[in-house]
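Structure, as structure tokens:
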Amino acid sequence: MDKHQEILITAIRESSLTAREISVRAGVHESTISKFLDGKNDLKAGNYFKILHALPESCRIPALARIGVVELTPIQLIESATPKEKAEILQAIAAWVLQPGAISGKNRDTTDLQVAVS
């Protein structure tokens, strides 16, 4: 399965909308959506974007960012991240904070910091 297919399927599943609801909103036949979700057919570009734009913004914007159509602010990026991606972000921040000299000012003591991300 291609990356663009995975992105749209994930967005559709996260939307909690049925194929019928998406069909009505997007103006794409329900069987086209069902066959796509079952992996039987790919979508024409026009239908792909009709379906994507029929999804709630909370699912649509992250999907558009993942296919490179829009850019997200750092906050939107974190909000749209999966739990695993959020854990990776926290690990990267913790690694940066624990580097010597990363924290400037009077409170540079990091001995009380605990990192508990598996």
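FYI, nothing fancy with the structure tokens labels: chains A, B, ... in order, residues from 1 per chain, ligands from 1 as they appear.
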Exercise. Can you list, as a ChimeraX atom specification, every residue of chain A that DSSP puts in alpha helix (DSSP H)?
Worked result: /A:3-15,19-26,30-37,45-54,57-66,74-80,83-97
Exercise. Hey, what's within 10 Å of Ile22 of chain A if we count only C-alpha atoms and toss same-chain stuff fewer than 4 positions away? As a count of residues only, please?
Worked result: 16
Cut-off 12 Å: closest segment 42-77 of chain A/segment 86-95 of chain A atom pairs per residue, using only C-alpha atoms, as a tab-separated table:
```
residue	atom	partner	partner_atom	distance
A:Pro74	CA	A:Ile89	CA	11.2
A:Ile75	CA	A:Lys86	CA	11.5
A:Leu77	CA	A:Lys86	CA	9.7
```
Problem set entry | Residue among A:Leu8, A:Leu98, A:Leu43, A:Leu37 lying closest to Ala63 of chain A, counting only C-alpha atoms |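 For Ala63 of chain A, the nearest of the candidates is A:Leu8.
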Problem set entry | Among the residues A:Ala45, A:Thr32, A:Leu64, A:Glu21, the one that comes closest to Ile7 of chain A [using only C-alpha atoms] | A:Leu64
Exercise. Which distance in Å separates atom CA of Arg66 of chain A and atom CA of Val97 of chain A, to one decimal?
Worked result: 27.9 Å
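Counting from atom CA of Ser80 of chain A, the distance to atom CA of Asn47 of chain A is 23.6 Å.
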Exercise. Quick one: distance from atom CA of Gln99 of chain A to atom CA of Thr82 of chain A in Å, one decimal?
Worked result: 26.1 Å
Exercise. So which one's closest to Cys59 of chain A, A:Gly39, A:Gln76, A:Lys44, A:Glu85? Using only C-alpha atoms, please.
Worked result: A:Gln76
